[in-house]
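Engineer: The structure under discussion is supplied below as structure tokens; questions concerning it will follow.
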Number of protein chains: 6
Amino acid sequence: MSGSVRQFEVIGAPFDGASTLGYPGSRYAPDRIRHQLKWITQRVESGEVFSLETGELHAAPQLVDGGNADVVAHDLMTTLERTSARVSDSIRAGNVPILLGGDDCFLYAGSKGLHDATDGTLAIIHFDAHLDVMDRNRQQGTHSQSSGMRRSLELDRASTEHSIQVGLRHFNFPSSRAYLEDSGLARITAAAFDDIGTSAAVDRILARISGADHVHCSFDIDAIDPAHAPGAGALEPGGLTSRQAIDTIIALAPHCDSFAVTEVNPMTDHQDMTATLAAYLCYYFAVFGQQRVSD
Amino acid sequence: MSGSVRQFEVIGAPFDGASTLGYPGSRYAPDRIRHQLKWITQRVESGEVFSLETGELHAAPQLVDGGNADVVAHDLMTTLERTSARVSDSIRAGNVPILLGGDDCFLYAGSKGLHDATDGTLAIIHFDAHLDVMDRNRQQGTHSQSSGMRRSLELDRASTEHSIQVGLRHFNFPSSRAYLEDSGLARITAAAFDDIGTSAAVDRILARISGADHVHCSFDIDAIDPAHAPGAGALEPGGLTSRQAIDTIIALAPHCDSFAVTEVNPMTDHQDMTATLAAYLCYYFAVFGQQRVSD
Amino acid sequence: MSGSVRQFEVIGAPFDGASTLGYPGSRYAPDRIRHQLKWITQRVESGEVFSLETGELHAAPQLVDGGNADVVAHDLMTTLERTSARVSDSIRAGNVPILLGGDDCFLYAGSKGLHDATDGTLAIIHFDAHLDVMDRNRQQGTHSQSSGMRRSLELDRASTEHSIQVGLRHFNFPSSRAYLEDSGLARITAAAFDDIGTSAAVDRILARISGADHVHCSFDIDAIDPAHAPGAGALEPGGLTSRQAIDTIIALAPHCDSFAVTEVNPMTDHQDMTATLAAYLCYYFAVFGQQRVSD
Amino acid sequence: MSGSVRQFEVIGAPFDGASTLGYPGSRYAPDRIRHQLKWITQRVESGEVFSLETGELHAAPQLVDGGNADVVAHDLMTTLERTSARVSDSIRAGNVPILLGGDDCFLYAGSKGLHDATDGTLAIIHFDAHLDVMDRNRQQGTHSQSSGMRRSLELDRASTEHSIQVGLRHFNFPSSRAYLEDSGLARITAAAFDDIGTSAAVDRILARISGADHVHCSFDIDAIDPAHAPGAGALEPGGLTSRQAIDTIIALAPHCDSFAVTEVNPMTDHQDMTATLAAYLCYYFAVFGQQRVSD
Amino acid sequence: MSGSVRQFEVIGAPFDGASTLGYPGSRYAPDRIRHQLKWITQRVESGEVFSLETGELHAAPQLVDGGNADVVAHDLMTTLERTSARVSDSIRAGNVPILLGGDDCFLYAGSKGLHDATDGTLAIIHFDAHLDVMDRNRQQGTHSQSSGMRRSLELDRASTEHSIQVGLRHFNFPSSRAYLEDSGLARITAAAFDDIGTSAAVDRILARISGADHVHCSFDIDAIDPAHAPGAGALEPGGLTSRQAIDTIIALAPHCDSFAVTEVNPMTDHQDMTATLAAYLCYYFAVFGQQRVSD
Amino acid sequence: MSGSVRQFEVIGAPFDGASTLGYPGSRYAPDRIRHQLKWITQRVESGEVFSLETGELHAAPQLVDGGNADVVAHDLMTTLERTSARVSDSIRAGNVPILLGGDDCFLYAGSKGLHDATDGTLAIIHFDAHLDVMDRNRQQGTHSQSSGMRRSLELDRASTEHSIQVGLRHFNFPSSRAYLEDSGLARITAAAFDDIGTSAAVDRILARISGADHVHCSFDIDAIDPAHAPGAGALEPGGLTSRQAIDTIIALAPHCDSFAVTEVNPMTDHQDMTATLAAYLCYYFAVFGQQRVSD
């Protein structure tokens with residue numbers, strides 16, 4: 001059921017050129033998240049770390065910093081291509097990549113990176129307040145932060161039937177609803193998550209991804225409520241709590257092959273509290289995802 | 001049971017001259033809330049909007065901006081009079097007014113506006129951390145942000161027995177307790193709301209207002225916890241979450257004849273997150289209140 | 001079962017020289033918390049105050065401001081010694097001290113103050129995101145903000161079997177786990193608190209302290225989530241809500257002989273919201289702790 | 001030429017109900033300025049203080065805190081009346097009052113206080129970015145922060161020919177220019193101040209007030225550039241530097257009978273830097289104004 | 001020597017997609033600058049305004065808001081093309097355009113707009129801390145905020161011999177120096193400006209542009225010191241004061257045919273102080289540039 | 001007259017345990033200053049950099065990052081000892097150390113480091129708003145941020161007659177004046193600096209240090225006005241401008257053997273503007289100090 005211990009590679013993507021709607025500034029996120037990761041990892045001793053949540057010792061995850069993807073400030077398509085290639089390389093080298101955006105255009109880059117490095121079907125777990133299924137429009141083009149999920153699901157072996165969106169809320173385009181209905185993409189809205197609780201939400205997600213060959217988990221930080229994540233590209237009230245987010249990632253990590261955190265915005269943050277939360281999401285993912293569990 | 005589709009009119013009240021206790025600055029709220037409303041309404045297509053919470057398409061509400069009430073910076077009584085008259089005019093013109101304070105002196109102006117434009121009994125649903133039942137004192141006079149509920153309940157056809165306060169917490173004057181006991185005004189404290197949950201709280205509110213001819217809902221943003229609404233006149237811990245607030249407004253909207261949001265304070269806010277929350281409360285009120293449900 | 005009405009003495013400790021890991025700045029906390037206490041106590045009338053949470057009148061607690069302990073900016077050991085002596089003096093004079101840190105080195109000063117002024121066993125209820133059981137290390141020495149619980153439990157009559165930590169989360173040193181296992185110190189992690197709810201958590205705490213002769217309750221504000229308490233020395237996501245914290249203190253107050261709030265940091269706070277929360281914790285402790293209940 | 005040593009009395013006026021145009025928040029200024037005054041006066045030894053600017057020892061000024069004027073939050077006219085009476089009482093008791101606003105309505109209260117407590121002509125030195133000579137308008141009435149100079153010059157023995165405005169800039173009402181021309185009120189604009197330098201500016205001011213029996217100096221902090229005084233009611237670029245302001249006050253202090261600092265706004269300040277500057281202006285006024293020099 | 005009264009048209013360019021080096025966020029500048037322009041223009045009476053700087057009445061400038069250029073968030077080249085066309089149209093319609101960036105890519109759009117709408121030689125007065133003469137590089141391409149001056153001088157009738165840069169400071173690429181030497185572009189560094197004073201600096205600028213047929217003045221707000229303009233894309237110490245900037249614009253306005261303010265960044269600003277300064281620069285330009293003076 | 005090209009070594013001292021009076025937080029300065037140094041040095045090409053101030057190409061200075069001194073968070077004396085030893089080692093290795101505090105206790109560590117690594121007399125150029133000549137007191141002990149200059153001048157070969165303080169202002173202890181008079185330490189107050197200008201101030205400093213064998217320049221960032229350096233331990237109005245500071249360092253650099261910047265405080269800064277200024281001071285020091293000029 002479980003495999004060997006996995007190694008994680010942190011890859012930064014300091015680019016926010018596709019933040020066509022929300023606040024720009026996520027270009028500074030990889031730097032700040034890495035800074036906070038040092039705060040967390042200072043408590044590792046002899047290759048082990050003590051988890052208060054489990055009460056147990058865990059092997060400290062093998063977490064290497066692979067530096068930044070070769071983003072190009074003025075060129076979105078090149079940036080996406082190189083970042084997805086960088087993610088693919090990481091996977092081919094045997095790592096589980098942890099991609100630090102950058103804006104949510106990297107939802108697509110992360111999905112494509114896993115897709116291109118593997119065979120078989122690809123499931124996507126997409127945490128976000130927004131749908132990101134815009135096909136194209138005049139202001140945003142086709143690959144902005146608003147189109148990442150649509151572009152991802154268009155990948156050859158992407159499986160919409162195994163993919164799911166979590167944390168959605170408020171109002172969106174009627175045309176987006178049409179897309180959702182047509183495609184059959186599943187969702188757990190923030191309201192529903194609050195109703196059913198973390199445990200049931202995790203069960204639904206796991207049931208959804210079950211049967212997919214590979215799973216990419218992409219976490220737009222605005223899935224979390226602005227009370228807990230003020231440093232985001234948009235401050236949408238009514239989101240997940242940080243506790244819910246952490247507990248969910250703990251449960252999902254063994255089932256995922258790659259992870260991305262996007263839209264963390266140091267320019268709108270308060271004392272790096274959102275960068276700190278993002279760093280914890282990454283570290284929990286690594287600690288609890290050291291062994292891949294087949295679904 | 002349901003009536004025809006209602007039209008909503010946004011009326012600003014950029015005045016904080018009665019903020020005698022809390023932080024001043026709510027004079028800037030109408031401007032910032034309107035700014036955020038544009039963010040929300042950009043996703044309307046062909047007169048419809050997709051609600052993630054319901055999963056359904058809804059008619060985009062008819063929401064017209066009626067400009068600002070004719071407030072007078074140095075004259076509270078004139079400001080209240082003109083604002084309540086403005087609200088009355090809106091109602092007489094067939095609209096459901098959405099009044100954007102300004103400080104909580106507009107609790108009274110909103111109540112009076114609905115009262116004066118209608119016959120029959122008036123119920124008030126008052127969301128607030130504080131009681132606002134001060135009769136008079138030296139520092140605040142008789143119509144400050146601390147007296148709005150008392151003044152409202154003194155209106156001829158205001159019905160205390162159908163009115164209720166929601167979100168109250170912490171400590172208050174013993175004389176205020178005496179008033180509450182004498183008047184029979186109902187309440188759901190923030191602690192009680194947390195205990196019983198949104199659904200039960202909504203039931204209690206609906207039961208309370210049942211039988212009143214008209215209902216004004218006035219929402220002091222500090223009913224919500226400062227974690228979710230830091231841009232307020234006072235930062236009282238232990239309040240409602242934004243999720244609870246949104247879900248409650250969705251449920252109450254069809255039962256209300258006018259709505260007000262007060263005490264949003266851009267000078268103490270973080271990146272407009274409270275103005276954004278206030279804009280959502282208004283928009284949810286409009287989307288889900290398009291058809292009046294008789295109680 | 002209940003004793004006579006108790007008097008509370010506020011003692012400030014404006015010192016953050018032992019904040020060797022987190023943000024410095026808690027030296028400014030006593031000033032700001034006292035400022036907010038004035039906001040709260042302005043609603044006392046004729047020696048009584050109305051609690052919205054209970055719906056009842058309560059005697060306004062006898063809360064005297066004892067000024068600041070004689071801290072010495074450049075000398076930690078003298079600071080701890082004088083502060084614990086100051087706490088002891090307060091207790092010997094018949095008061096229940098409420099100690100306002102300063103950083104969490106005052107966890108030890110508070111414990112020692114109660115210990116030295118009394119006979120019999122001492123229980124410690126320690127709210128914190130962190131363990132504070134570091135024995136010694138090069139950067140922090142032996143009495144920093146990271147060692148307070150260990151030093152406290154080394155006091156002669158400190159009873160580990162009656163002591164408990166609440167709000168812990170994330171990752172810590174394996175050697176700290178060894179200490180916890182060896183010592184038998186109990187805990188309710190933030191995740192567990194969220195699972196079982198406030199009422200059950202209170203029951204566990206009360207069961208744990210039952211049988212101890214004296215109880216010190218020390219509250220590092222970072223036990224609370226940074227959404228609710230951004231003005232802290234560290235912003236650890238996934239903590240208690242302010243509502244949970246308030247309700248817990250209400251329940252524990254009658255069982256405690258002294259109280260401390262530490263690590264409130266005005267330099268990282270937003271509009272004093274954390275200082276306000278801290279002031280409320282103190283005032284709830286005083287209102288509901290006026291009569292000591294023997295366990 | 002010089003008289004005996006004078007005593008100074010600090011009087012707070014925590015009221016911003018007349019801030020009808022600029023940012024509200026100056027109600028918090030007296031508290032913050034006093035806080036910063038403690039920072040400054042901690043270096044007094046044996047009744048003396050060492051001035052770096054002169055290189056000499058000076059007697060530490062007799063500076064007593066007279067508490068706050070009896071302002072009434074909801075009543076401007078009563079506030080002005082009581083504050084001016086409070087200033088008059090201070091003068092009659094032999095003090096030099098230092099009035100800490102509050103908004104610039106206190107320009108009038110300060111002038112009137114000196115006027116009413118004395119005989120003979122009254123000169124006013126008015127530092128401000130704005131004219132404050134509005135007669136009346138609908139939004140502001142007759143005694144707002146925009147009318148203080150006009151109301152002051154209407155006092156019986158106020159002498160326009162000995163009064164002067166300093167720091168004015170940008171654009172104003174044509175009707176205000178008419179008033180200035182008609183009344184003969186003198187001015188040194190911020191641009192002119194920058195051109196001629198502090199020394200020449202001081203000379204012009206001293207020449208202007210020469211011959212008046214009494215002199216009130218009222219300093220709206222926005223006379224100073226927002227770079228140096230960001231915590232103000234309006235942020236008007238192109239103002240005086242803090243160095244120019246300090247040097248000017250040093251020179252004027254012996255010629256003045258009362259002093260006021262207004263419009264310091266802690267809600268828009270950065271780390272109390274403007275409150276600190278205001279506290280220094282007051283302390284320089286006291287140190288260098290200990291002996292009245294007859295003009 | 002002087003012509004007829006000119007009309008000014010404000011054109012917004014809410015785009016910061018070319019801010020490849022500095023802080024993004026200038027997309028929000030047009031909105032905030034317009035907001036502050038309302039503050040300034042409220043003092044116009046009967047078509048006149050009183051200038052404190054001159055002591056005279058001036059005709060209030062004819063300043064119309066032409067709305068925003070048709071920028072496209074994801075497409076820099078289209079954005080530049082449409083914005084320059086929009087500027088050209090404004091000129092052809094007889095206006096003096098005042099272009100509100102957006103980042104400094106609009107230096108080129110403004111220059112090109114004037115260039116394309118006119119015949120004859122074009123001089124450019126470029127205020128900036130930086131050179132903006134990058135030809136191309138991998139991260140920034142050819143038309144970013146770092147290349148605007150180079151692209152502008154490549155326009156057919158752009159006259160380098162009549163163009164000048166003002167406010168430059170610190171360190172730059174040796175290759176940029178080579179370009180400056182080769183091209184003969186003139187400059188007044190911030191250090192030199194401080195040495196020689198505003199009047200001499202203005203003389204040098206006027207001498208330089210003398211003989212050019214048309215003059216575009218483009219003002220990157222970071223030419224001004226971050227003390228006075230903290231809301232900028234880069235905070236380069238040692239720049240011009242706001243007083244120097246205002247006085248310079250007053251003097252240059254009659255000699256210019258179009259004006260642009262770029263790189264104002266509300267996301268890094270303090271209480272809109274930089275947007276306020278930018279609004280004043282625009283308004284001074286309009287008041288004092290109402291009559292074109294031929295050089 | 002000039003020697004060979006010098007190499008500079010950046011040494012961080014992330015410790016603020018001696019900030020007994022001002023704001024703590026300078027422990028974060030080395031990290032932020034280094035971050036800004038990267039911004040500056042990105043414009044080096046082929047080992048050269050173009051200085052706008054001189055208009056010339058300069059060799060890019062050899063600037064190596066020596067990491068942090070071995071500071072110990074809870075132990076001031078060990079921290080000072082190790083840091084001064086680290087500075088000495090750097091000098092002995094042939095470098096010019098650039099020490100990045102940390103609080104102003106490092107004034108002493110820097111002086112001692114140069115002193116101990118060299119023979120002959122030591123001159124100290126001390127930029128500061130404050131004197132730092134406190135001998136000892138109860139709160140601060142003997143080696144706090146308030147005693148650095150006194151401790152430095154007590155070094156065996158420190159030469160008070162060649163040492164000078166620059167930027168001093170406001171009020172200080174009479175006993176400090178006695179010390180200054182007795183010791184003969186020279187000074188240029190901020191007021192005097194403003195009067196005489198940068199060039200004359202530089203001349204005075206150079207005349208003062210002339211004849212000393214070695215020169216340490218220590219720059220407490222609060223010598224600069226809080227308008228330009230808000231991120232400081234204390235915000236003392238009336239200080240130097242950033243332009244004056246830069247021009248002075250350019251002139252002094254060839255005469256100095258070591259440099260330190262202290263009291264930069266990221267916790268009170270605005271968008272790193274003070275860290276940026278500090279980074280520029282260091283880089284100007286290195287560019288213009290590459291060749292030692294004998295006095």
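Letters A, B, ... mark the chains of the structure tokens in the order given; residue numbers begin at 1 per chain; ligand numbers begin at 1, in order shown.
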Can you pull out every residue within 7 Å of region 248-251 of chain B, counting only C-alpha atoms, but drop anything in the same chain fewer than 5 positions away, and send it as a list in words?

Structural biologist: Thr198, Val202, Leu281, Tyr284, Phe285 and Phe288 of chain B

Engineer: Which residues of chain A come within 10 Å of chain C, and what is each one's closest atom pair and distance in Å (one decimal), counting only C-alpha atoms, sorted by chain and residue number, as JSON lines?

Structural biologist:
{"residue": "A:Trp39", "atom": "CA", "partner": "C:Leu21", "partner_atom": "CA", "distance": 9.3}
{"residue": "A:Ile40", "atom": "CA", "partner": "C:Phe171", "partner_atom": "CA", "distance": 7.3}
{"residue": "A:Thr41", "atom": "CA", "partner": "C:Phe171", "partner_atom": "CA", "distance": 8.4}
{"residue": "A:Gln42", "atom": "CA", "partner": "C:Phe173", "partner_atom": "CA", "distance": 8.7}
{"residue": "A:Arg43", "atom": "CA", "partner": "C:Phe173", "partner_atom": "CA", "distance": 5.0}
{"residue": "A:Val44", "atom": "CA", "partner": "C:Phe173", "partner_atom": "CA", "distance": 6.0}
{"residue": "A:Glu45", "atom": "CA", "partner": "C:Phe173", "partner_atom": "CA", "distance": 6.3}
{"residue": "A:Ser46", "atom": "CA", "partner": "C:Pro174", "partner_atom": "CA", "distance": 8.5}
{"residue": "A:Gly47", "atom": "CA", "partner": "C:Pro174", "partner_atom": "CA", "distance": 9.4}
{"residue": "A:Glu48", "atom": "CA", "partner": "C:Pro174", "partner_atom": "CA", "distance": 6.6}
{"residue": "A:Val49", "atom": "CA", "partner": "C:Pro174", "partner_atom": "CA", "distance": 5.5}
{"residue": "A:Phe50", "atom": "CA", "partner": "C:Asn172", "partner_atom": "CA", "distance": 4.9}
{"residue": "A:Ser51", "atom": "CA", "partner": "C:Phe171", "partner_atom": "CA", "distance": 4.6}
{"residue": "A:Leu52", "atom": "CA", "partner": "C:Arg169", "partner_atom": "CA", "distance": 5.2}
{"residue": "A:Glu53", "atom": "CA", "partner": "C:Arg169", "partner_atom": "CA", "distance": 6.2}
{"residue": "A:Thr54", "atom": "CA", "partner": "C:His170", "partner_atom": "CA", "distance": 9.4}
{"residue": "A:Gly55", "atom": "CA", "partner": "C:Arg177", "partner_atom": "CA", "distance": 7.9}
{"residue": "A:Glu56", "atom": "CA", "partner": "C:Arg177", "partner_atom": "CA", "distance": 8.0}
{"residue": "A:Leu57", "atom": "CA", "partner": "C:Pro174", "partner_atom": "CA", "distance": 6.5}
{"residue": "A:His58", "atom": "CA", "partner": "C:Pro174", "partner_atom": "CA", "distance": 8.9}
{"residue": "A:Asp225", "atom": "CA", "partner": "C:Ala227", "partner_atom": "CA", "distance": 9.4}
{"residue": "A:Pro226", "atom": "CA", "partner": "C:Ala227", "partner_atom": "CA", "distance": 8.5}
{"residue": "A:Ala227", "atom": "CA", "partner": "C:Ala227", "partner_atom": "CA", "distance": 5.1}
{"residue": "A:His228", "atom": "CA", "partner": "C:Ala227", "partner_atom": "CA", "distance": 4.9}
{"residue": "A:Ala229", "atom": "CA", "partner": "C:Ala227", "partner_atom": "CA", "distance": 8.0}
{"residue": "A:Pro230", "atom": "CA", "partner": "C:Ala227", "partner_atom": "CA", "distance": 8.8}
{"residue": "A:Thr241", "atom": "CA", "partner": "C:Gly238", "partner_atom": "CA", "distance": 7.6}
{"residue": "A:Ser242", "atom": "CA", "partner": "C:Gly238", "partner_atom": "CA", "distance": 5.2}
{"residue": "A:Arg243", "atom": "CA", "partner": "C:Gly238", "partner_atom": "CA", "distance": 4.2}
{"residue": "A:Gln244", "atom": "CA", "partner": "C:Gly238", "partner_atom": "CA", "distance": 8.0}
{"residue": "A:Ala245", "atom": "CA", "partner": "C:Gly238", "partner_atom": "CA", "distance": 8.7}
{"residue": "A:Ile246", "atom": "CA", "partner": "C:Gly238", "partner_atom": "CA", "distance": 7.5}
{"residue": "A:Asp247", "atom": "CA", "partner": "C:Ala191", "partner_atom": "CA", "distance": 8.3}
{"residue": "A:His270", "atom": "CA", "partner": "C:Pro230", "partner_atom": "CA", "distance": 8.0}
{"residue": "A:Gln271", "atom": "CA", "partner": "C:Thr268", "partner_atom": "CA", "distance": 6.7}
{"residue": "A:Asp272", "atom": "CA", "partner": "C:Leu235", "partner_atom": "CA", "distance": 8.3}
{"residue": "A:Met273", "atom": "CA", "partner": "C:Leu235", "partner_atom": "CA", "distance": 5.8}
{"residue": "A:Thr274", "atom": "CA", "partner": "C:Pro237", "partner_atom": "CA", "distance": 8.7}
{"residue": "A:Thr276", "atom": "CA", "partner": "C:Glu236", "partner_atom": "CA", "distance": 7.4}
{"residue": "A:Leu277", "atom": "CA", "partner": "C:Pro237", "partner_atom": "CA", "distance": 5.9}
{"residue": "A:Ala278", "atom": "CA", "partner": "C:Pro237", "partner_atom": "CA", "distance": 9.6}
{"residue": "A:Tyr280", "atom": "CA", "partner": "C:His170", "partner_atom": "CA", "distance": 8.2}
{"residue": "A:Leu281", "atom": "CA", "partner": "C:Pro237", "partner_atom": "CA", "distance": 9.9}
{"residue": "A:Tyr283", "atom": "CA", "partner": "C:Phe171", "partner_atom": "CA", "distance": 9.6}
{"residue": "A:Tyr284", "atom": "CA", "partner": "C:His170", "partner_atom": "CA", "distance": 8.5}
{"residue": "A:Val287", "atom": "CA", "partner": "C:Phe171", "partner_atom": "CA", "distance": 10.0}

Engineer: Pull the alpha helix (DSSP H) assignments for region 16-252 of chain D out of DSSP run on the backbone, and list those residues as a PyMOL selection string.

Structural biologist: chain D and resi 29-41+76-92+106-117+148-153+174-183+190-209+242-252

Engineer: Within 8 Å of Asp257 (chain E), counting only C-alpha atoms, which residues qualify if same-chain residues fewer than 3 places away don't, as number ranges by chain?

Structural biologist: E: 96-97, 114, 214-217, 292

Engineer: Counting only C-alpha atoms, what is within 7 Å of region 145-153 of chain F, bar same-chain residues fewer than 6 positions away, as an mmCIF file with N, CA and C atoms, in the first residue's frame?

Structural biologist:
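Once written, around-v9.cif looks like this:
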data_model
loop_
_atom_site.group_PDB
_atom_site.id
_atom_site.type_symbol
_atom_site.label_atom_id
_atom_site.label_comp_id
_atom_site.auth_asym_id
_atom_site.auth_seq_id
_atom_site.Cartn_x
_atom_site.Cartn_y
_atom_site.Cartn_z
ATOM 1 N N ALA F 18 20.508 44.858 23.301
ATOM 2 C CA ALA F 18 20.927 46.039 24.066
ATOM 3 C C ALA F 18 20.098 47.268 23.702
ATOM 4 N N SER F 19 19.016 47.053 22.996
ATOM 5 C CA SER F 19 18.126 48.180 22.662
ATOM 6 C C SER F 19 17.200 48.431 23.848
ATOM 7 N N ASP F 103 21.582 46.601 17.077
ATOM 8 C CA ASP F 103 21.396 47.888 17.733
ATOM 9 C C ASP F 103 22.740 48.576 17.925
ATOM 10 N N ASP F 104 22.731 49.717 18.590
ATOM 11 C CA ASP F 104 23.941 50.533 18.593
ATOM 12 C C ASP F 104 24.963 50.103 19.639
ATOM 13 N N CYS F 105 24.731 48.979 20.290
ATOM 14 C CA CYS F 105 25.819 48.413 21.093
ATOM 15 C C CYS F 105 27.001 48.086 20.189
ATOM 16 N N LEU F 107 28.324 49.903 18.001
ATOM 17 C CA LEU F 107 29.269 51.013 17.888
ATOM 18 C C LEU F 107 30.569 50.629 18.605
ATOM 19 N N TYR F 108 30.404 50.091 19.808
ATOM 20 C CA TYR F 108 31.582 49.675 20.564
ATOM 21 C C TYR F 108 32.273 48.480 19.916
ATOM 22 N N SER F 111 34.306 49.666 16.954
ATOM 23 C CA SER F 111 35.486 50.421 17.374
ATOM 24 C C SER F 111 36.555 49.494 17.936
ATOM 25 N N LYS F 112 36.113 48.603 18.794
ATOM 26 C CA LYS F 112 37.061 47.676 19.431
ATOM 27 C C LYS F 112 37.683 46.739 18.405
ATOM 28 N N ASP F 132 25.162 58.564 23.284
ATOM 29 C CA ASP F 132 25.704 57.239 23.608
ATOM 30 C C ASP F 132 26.932 57.320 24.508
ATOM 31 N N VAL F 133 26.887 58.234 25.454
ATOM 32 C CA VAL F 133 28.027 58.345 26.381
ATOM 33 C C VAL F 133 27.604 58.052 27.822
ATOM 34 N N MET F 134 26.493 57.368 27.973
ATOM 35 C CA MET F 134 26.060 56.929 29.299
ATOM 36 C C MET F 134 27.126 56.009 29.906
ATOM 37 N N ASP F 135 27.522 56.293 31.137
ATOM 38 C CA ASP F 135 28.507 55.419 31.773
ATOM 39 C C ASP F 135 27.837 54.115 32.211
ATOM 40 N N SER F 159 41.370 57.892 20.378
ATOM 41 C CA SER F 159 41.756 59.298 20.512
ATOM 42 C C SER F 159 40.525 60.189 20.472
ATOM 43 N N THR F 160 40.135 60.652 21.620
ATOM 44 C CA THR F 160 38.984 61.547 21.677
ATOM 45 C C THR F 160 39.256 62.807 20.870
#

Engineer: Give me the residues within 7 Å of region 30-37 of chain F as a count of residues only, counting only C-alpha atoms and dropping any in the same chain fewer than 6 places off.

Structural biologist: 9

Engineer: Which residues, written as JSON, numbers by chain, have at least one atom at most 8 Å from Gln7 (chain C), with only C-alpha atoms counted and residues fewer than 2 positions away on the same chain left out?

Structural biologist: {"C": [5, 9, 61, 62, 63, 64, 94, 95, 96, 290]}

Engineer: What is the CA of Thr83 (chain B) to CA of Gly233 (chain B) distance in Å?

Structural biologist: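 Rounded to one decimal, the two atoms are 20.5 Å apart.
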
Engineer: Write out as a ChimeraX atom specification the set of residues from region 126-283 of chain A that DSSP, computed on the backbone, places in strand (DSSP E or B).

Structural biologist: /A:126-127,137,141,158,164-168,171-172,186-189,214-220,224,232,240,258-262,264

Engineer: Within 6 Å of Gly113 (chain A), counting only C-alpha atoms, which residues show up once you throw out same-chain ones fewer than 6 positions away? Write them as a ChimeraX atom specification, please.

Structural biologist: /A:84-85,87-88
